[in-house]
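Notes follow the structure.
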Amino acid sequence: MKKIYSIYLLLGLFVTALCSCGDDLTPVGPDITETTHFRNDGPYLFYENGKLKILEVTKDNTLSIREESGLPAGLKLDVYSDDNKFLFQVPINKIENFERPAWKDQTSTYEKTFAVSDLHGRFDLFAAILKTGQVINDQYEWTYGNNHLVIDGDIFDRGADVLPILWLIYKLEFEAQAVGGRVTTILGDHEEMVMRDNLKYTFAKYNNLSQKAMNMTYGKMWGLTNVMGNWLRSKNAIQIVGDNLYVHAGLSKAFMERTETVPEINELVGKSIYLTKEERKKQFPDIADFLYSDDYDGPLWYRGMVKKTSSYNPIKEADVDKLLSDYGVKRIIVGHTENSRIKFNYGGKVYDICVNHPDAFEDEETRAMLIEGESIMAMDDKGELKKITKL
């Protein structure tokens, strides 16, 4: 049985989306108590006790909430941008029991790997660079064959189109798998910030919807009944594919001194990322501070593979060499720490692919990394490949 509720609402003031990998505080729009409208958002899916609840703000600024018994065959949902532009339909292929990818897969080889990071709610720029790299077509369909796409963390915050990015990645996973390709998504610090309800970089439209439609904060929206939340929690914080180790921020000396294995860290992040700081410390006292504390030595936060000043506890090249040797990889690929263009450090052993996507787009700088055999290049939005320079 379906229940359909509709509320017709006024179109609100557009909040311009900003994007940055750095630490600048982004305005989050009007206060929640003063907001009486919704911006386009969703769809959000919640699954509990055999019931699927679908929440979305549609093209005509209508809030729609409906329920289904289980997952209806052939269910497809429309995805719109914040400015009410229809983007694509996403087939809902799975809503539960998402499996965590193997943390180490060095048997799979891909002719090409296309890697981006720190998308921060800018669907327009994410889609633009994917089209330029021929990863997708104008209908947002996978066209990359049996090749590999990597998103190295930080999809949330600073932008108005977080859900379209997430649903596109979800859709592309299934499309890539069907033709022997692959999509790898790594968790970043902004994923963990939002899920623990740190919303200082989050646009007001998200919290407005969650509080008025669901009577909860935006962070709580991503709890255990949220389908997309569970999909995200199945992603790794650290993952090896072929010769490359992917981690959002970096691996520190403190990481090397821990006793937990990478699979254990990935599982612990999945189990704790949606908890508050207090709940994390209570349930996982031995590792919560390392993963999430202000010491910033954990894989979601550490900047010492890119930043060289002492306050960032930079890692020594000998330790980088040991990491490469221990994990049997040629390079470590990180995001998180912004540069004007894609660059490398430690003689090409560490690549930083975090750029300010709006600035790089406007300045015709590189926004994606392309690995093709032994060739490693950066790509701009004209499709031009450029040599990567050192930090």
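In the structure tokens, chains take the letters A, B, ... in the order shown, each chain's residues start at 1, and ligands count up from 1 in the order shown.
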With a cut-off of 10 Å, could you pull out the residues of segment 138-168 of chain A touching segment 354-378 of chain A and give me the nearest pair of atoms for each, distance in Å to one decimal, using only C-alpha atoms, ordered by chain and ascending number, as a tab-separated table?
residue	atom	partner	partner_atom	distance
A:Asn147	CA	A:Glu372	CA	9.9
A:His148	CA	A:Ile371	CA	9.5
A:Leu149	CA	A:Leu370	CA	9.6
A:Val150	CA	A:Met369	CA	9.5
A:Asp152	CA	A:Cys354	CA	8.7
A:Gly153	CA	A:Cys354	CA	9.6
A:Asp154	CA	A:Cys354	CA	9.8
Once you have the residues from the selection above, write them out as a JSON list (two decimals), in the first residue's frame, restricted to N, CA, C and O atoms.
[["chain", "number", "residue", "atom", "x", "y", "z"],
["A", 147, "ASN", "N", 36.98, -0.09, -17.63],
["A", 147, "ASN", "CA", 37.95, 0.76, -16.94],
["A", 147, "ASN", "C", 37.47, 1.11, -15.54],
["A", 147, "ASN", "O", 36.45, 0.60, -15.06],
["A", 148, "HIS", "N", 38.17, 2.02, -14.87],
["A", 148, "HIS", "CA", 38.03, 2.22, -13.43],
["A", 148, "HIS", "C", 37.86, 3.71, -13.13],
["A", 148, "HIS", "O", 38.63, 4.54, -13.60],
["A", 149, "LEU", "N", 36.84, 4.03, -12.33],
["A", 149, "LEU", "CA", 36.62, 5.38, -11.82],
["A", 149, "LEU", "C", 36.80, 5.38, -10.31],
["A", 149, "LEU", "O", 36.27, 4.50, -9.62],
["A", 150, "VAL", "N", 37.53, 6.37, -9.79],
["A", 150, "VAL", "CA", 37.75, 6.51, -8.35],
["A", 150, "VAL", "C", 37.27, 7.88, -7.88],
["A", 150, "VAL", "O", 37.60, 8.90, -8.50],
["A", 152, "ASP", "N", 37.76, 9.91, -4.49],
["A", 152, "ASP", "CA", 38.62, 9.77, -3.30],
["A", 152, "ASP", "C", 38.14, 10.62, -2.12],
["A", 152, "ASP", "O", 38.91, 11.32, -1.48],
["A", 153, "GLY", "N", 36.83, 10.56, -1.85],
["A", 153, "GLY", "CA", 36.29, 11.17, -0.64],
["A", 153, "GLY", "C", 35.78, 12.58, -0.79],
["A", 153, "GLY", "O", 36.03, 13.28, -1.77],
["A", 154, "ASP", "N", 35.00, 13.00, 0.21],
["A", 154, "ASP", "CA", 34.43, 14.35, 0.35],
["A", 154, "ASP", "C", 33.44, 14.68, -0.76],
["A", 154, "ASP", "O", 33.68, 15.56, -1.61]]
message = Residues within 10 Å of Lys220 of chain A, please, as a PyMOL selection string. Count only C-alpha atoms; anything in the same chain fewer than 5 positions from it doesn't count.
response = chain A and resi 194-197+207+210-211+214-215+225-226+274-276
Neighbours of Val247 of chain A within 9 Å (only C-alpha atoms; same-chain residues fewer than 6 positions away dropped), as a PDB file with N, CA, C and O atoms, in the first residue's frame?
ATOM      1  N   ASP A 152      37.763   9.908  -4.488  1.00  0.00           N
ATOM      2  CA  ASP A 152      38.623   9.768  -3.304  1.00  0.00           C
ATOM      3  C   ASP A 152      38.138  10.620  -2.124  1.00  0.00           C
ATOM      4  O   ASP A 152      38.910  11.318  -1.476  1.00  0.00           O
ATOM      5  N   GLY A 153      36.830  10.561  -1.846  1.00  0.00           N
ATOM      6  CA  GLY A 153      36.292  11.173  -0.636  1.00  0.00           C
ATOM      7  C   GLY A 153      35.778  12.581  -0.789  1.00  0.00           C
ATOM      8  O   GLY A 153      36.027  13.279  -1.773  1.00  0.00           O
ATOM      9  N   ILE A 186      35.827   6.238  -1.859  1.00  0.00           N
ATOM     10  CA  ILE A 186      36.542   6.271  -0.584  1.00  0.00           C
ATOM     11  C   ILE A 186      35.855   7.276   0.343  1.00  0.00           C
ATOM     12  O   ILE A 186      35.409   8.337  -0.104  1.00  0.00           O
ATOM     13  N   LEU A 187      35.765   6.945   1.625  1.00  0.00           N
ATOM     14  CA  LEU A 187      35.156   7.855   2.592  1.00  0.00           C
ATOM     15  C   LEU A 187      36.128   8.968   2.974  1.00  0.00           C
ATOM     16  O   LEU A 187      37.328   8.744   3.122  1.00  0.00           O
ATOM     17  N   GLY A 188      35.574  10.193   3.145  1.00  0.00           N
ATOM     18  CA  GLY A 188      36.380  11.342   3.527  1.00  0.00           C
ATOM     19  C   GLY A 188      35.900  11.966   4.827  1.00  0.00           C
ATOM     20  O   GLY A 188      34.912  11.531   5.429  1.00  0.00           O
ATOM     21  N   ASN A 236      35.115   1.862   1.831  1.00  0.00           N
ATOM     22  CA  ASN A 236      36.342   1.792   2.625  1.00  0.00           C
ATOM     23  C   ASN A 236      36.963   3.159   2.849  1.00  0.00           C
ATOM     24  O   ASN A 236      36.792   4.080   2.042  1.00  0.00           O
ATOM     25  N   ALA A 237      37.719   3.261   3.924  1.00  0.00           N
ATOM     26  CA  ALA A 237      38.555   4.440   4.165  1.00  0.00           C
ATOM     27  C   ALA A 237      39.920   4.280   3.503  1.00  0.00           C
ATOM     28  O   ALA A 237      40.559   5.267   3.134  1.00  0.00           O
ATOM     29  N   ILE A 238      40.349   3.045   3.349  1.00  0.00           N
ATOM     30  CA  ILE A 238      41.631   2.723   2.714  1.00  0.00           C
ATOM     31  C   ILE A 238      41.390   1.549   1.777  1.00  0.00           C
ATOM     32  O   ILE A 238      40.799   0.549   2.174  1.00  0.00           O
ATOM     33  N   GLN A 239      41.834   1.683   0.548  1.00  0.00           N
ATOM     34  CA  GLN A 239      41.605   0.600  -0.410  1.00  0.00           C
ATOM     35  C   GLN A 239      42.731   0.553  -1.435  1.00  0.00           C
ATOM     36  O   GLN A 239      43.204   1.596  -1.910  1.00  0.00           O
ATOM     37  N   ILE A 240      43.128  -0.654  -1.777  1.00  0.00           N
ATOM     38  CA  ILE A 240      44.146  -0.881  -2.803  1.00  0.00           C
ATOM     39  C   ILE A 240      43.482  -1.508  -4.018  1.00  0.00           C
ATOM     40  O   ILE A 240      42.746  -2.488  -3.895  1.00  0.00           O
ATOM     41  N   PRO A 299      43.334   8.396   8.842  1.00  0.00           N
ATOM     42  CA  PRO A 299      43.294   8.392   7.374  1.00  0.00           C
ATOM     43  C   PRO A 299      42.264   9.325   6.758  1.00  0.00           C
ATOM     44  O   PRO A 299      42.384   9.671   5.574  1.00  0.00           O
ATOM     45  N   LEU A 300      41.269   9.768   7.538  1.00  0.00           N
ATOM     46  CA  LEU A 300      40.273  10.699   7.001  1.00  0.00           C
ATOM     47  C   LEU A 300      40.712  12.156   7.099  1.00  0.00           C
ATOM     48  O   LEU A 300      40.128  13.017   6.441  1.00  0.00           O
ATOM     49  N   ILE A 332      50.634   6.154  -3.517  1.00  0.00           N
ATOM     50  CA  ILE A 332      49.487   6.444  -2.651  1.00  0.00           C
ATOM     51  C   ILE A 332      48.789   7.681  -3.214  1.00  0.00           C
ATOM     52  O   ILE A 332      49.450   8.692  -3.508  1.00  0.00           O
ATOM     53  N   ILE A 333      47.485   7.612  -3.379  1.00  0.00           N
ATOM     54  CA  ILE A 333      46.722   8.699  -3.976  1.00  0.00           C
ATOM     55  C   ILE A 333      45.777   9.262  -2.924  1.00  0.00           C
ATOM     56  O   ILE A 333      44.963   8.533  -2.343  1.00  0.00           O
ATOM     57  N   VAL A 334      45.901  10.567  -2.664  1.00  0.00           N
ATOM     58  CA  VAL A 334      45.131  11.219  -1.602  1.00  0.00           C
ATOM     59  C   VAL A 334      44.349  12.407  -2.171  1.00  0.00           C
ATOM     60  O   VAL A 334      44.630  12.902  -3.266  1.00  0.00           O
ATOM     61  N   GLY A 335      43.378  12.854  -1.395  1.00  0.00           N
ATOM     62  CA  GLY A 335      42.661  14.096  -1.666  1.00  0.00           C
ATOM     63  C   GLY A 335      42.863  15.027  -0.476  1.00  0.00           C
ATOM     64  O   GLY A 335      43.959  15.156   0.054  1.00  0.00           O
TER      65      GLY A 335
END
message = Could you go through segment 100-241 of chain A and tell me which residues DSSP, when run on the backbone, assigns to strand (DSSP E or B), listing them as an MDAnalysis selection string?
response = chainID A and resid 104:105 112:116 136 142 148:151 182:186 226 236 238:241
query = Near segment 172-176 of chain A, counting only C-alpha atoms, which residues have an atom at most 9 Å away, once you skip same-chain residues fewer than 3 positions from it, shown as a PyMOL selection string?
reply = chain A and resi 93+136+140-148+167-169+179-184
request  = Select, from A:Asn61, A:Asn198, A:Ser117, A:Ser272, the residue with the minimum atom-to-atom distance to Tyr246 of chain A, counting only C-alpha atoms.
outcome  =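 Closest to Tyr246 of chain A of all the choices is A:Ser117.
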Nearby residues (only C-alpha atoms) at most 7 Å from Ile155 of chain A, same-chain spacing under 3 positions excluded, as a PyMOL selection string = chain A and resi 118-121+162
Store the residues of this selection in a file with N, CA, C and O atoms, as a tab-separated table (two decimals), in the first residue's frame.
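Generated file (out.tsv):
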chain	number	residue	atom	x	y	z
A	118	ASP	N	37.12	15.25	-3.65
A	118	ASP	CA	36.60	16.47	-3.03
A	118	ASP	C	35.60	17.20	-3.94
A	118	ASP	O	35.79	18.35	-4.32
A	119	LEU	N	34.52	16.51	-4.23
A	119	LEU	CA	33.50	17.05	-5.15
A	119	LEU	C	32.59	18.07	-4.47
A	119	LEU	O	32.06	18.97	-5.13
A	120	HIS	N	32.37	17.92	-3.19
A	120	HIS	CA	31.66	18.91	-2.36
A	120	HIS	C	30.39	19.47	-2.99
A	120	HIS	O	30.24	20.69	-3.14
A	121	GLY	N	29.50	18.59	-3.37
A	121	GLY	CA	28.18	19.04	-3.78
A	121	GLY	C	28.09	19.72	-5.12
A	121	GLY	O	27.02	20.24	-5.48
A	162	VAL	N	24.49	17.52	-3.39
A	162	VAL	CA	25.13	16.33	-2.84
A	162	VAL	C	24.43	15.06	-3.31
A	162	VAL	O	25.07	14.10	-3.76
inquiry  = Could you tell me how far atom CA of Lys171 of chain A sits from atom CA of Pro91 of chain A, in Å to one decimal place?
reply    =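 Atom-to-atom, atom CA of Pro91 of chain A and atom CA of Lys171 of chain A are spaced 7.1 Å apart.
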task = Just the helix (DSSP H, G or I) stuff from segment 115-283 of chain A, please, per backbone DSSP, written as an MDAnalysis selection string.
result = chainID A and resid 123:132 162:178 189:195 204:214 218:221 227:233 253:257 262:272 277:283
Give me the residues near Lys94 of chain A as a compact mmCIF listing (two decimals) with C-alpha atoms, in the first residue's frame, where near means some atom within 12 Å (using only C-alpha atoms) and where sequence neighbours in that chain fewer than 3 positions away do not count.
# COMPACT_ATOMS: atom_id res chain seq x y z
CA LEU A 45 15.29 6.31 0.87
CA TYR A 47 14.18 1.04 4.77
CA LEU A 52 10.61 1.46 1.99
CA GLY A 70 9.81 -3.81 0.10
CA LEU A 71 11.56 -2.90 -3.13
CA PRO A 72 9.15 -2.72 -6.08
CA ALA A 73 10.42 -4.38 -9.25
CA GLY A 74 11.73 -1.86 -11.75
CA LEU A 75 11.67 1.08 -9.33
CA LYS A 76 13.26 4.17 -10.88
CA VAL A 90 18.28 6.09 -11.16
CA PRO A 91 17.16 2.44 -11.08
CA ASN A 97 22.98 -5.74 2.58
CA PHE A 98 25.56 -3.69 0.73
CA GLU A 99 28.85 -5.56 0.71
CA TYR A 170 25.37 4.55 -7.12
CA LYS A 171 24.00 4.19 -10.66
CA GLU A 173 28.54 1.28 -9.95
CA PHE A 174 25.94 -1.07 -11.40
CA VAL A 227 19.59 3.37 2.27
CA MET A 228 22.23 5.76 0.94
CA ASN A 230 24.17 2.21 4.53
CA TRP A 231 25.58 2.22 1.00
task = Work out how far apart atom CA of Gly42 of chain A and atom CA of Glu56 of chain A are and give it in Å to one decimal.
result = 4.6 Å
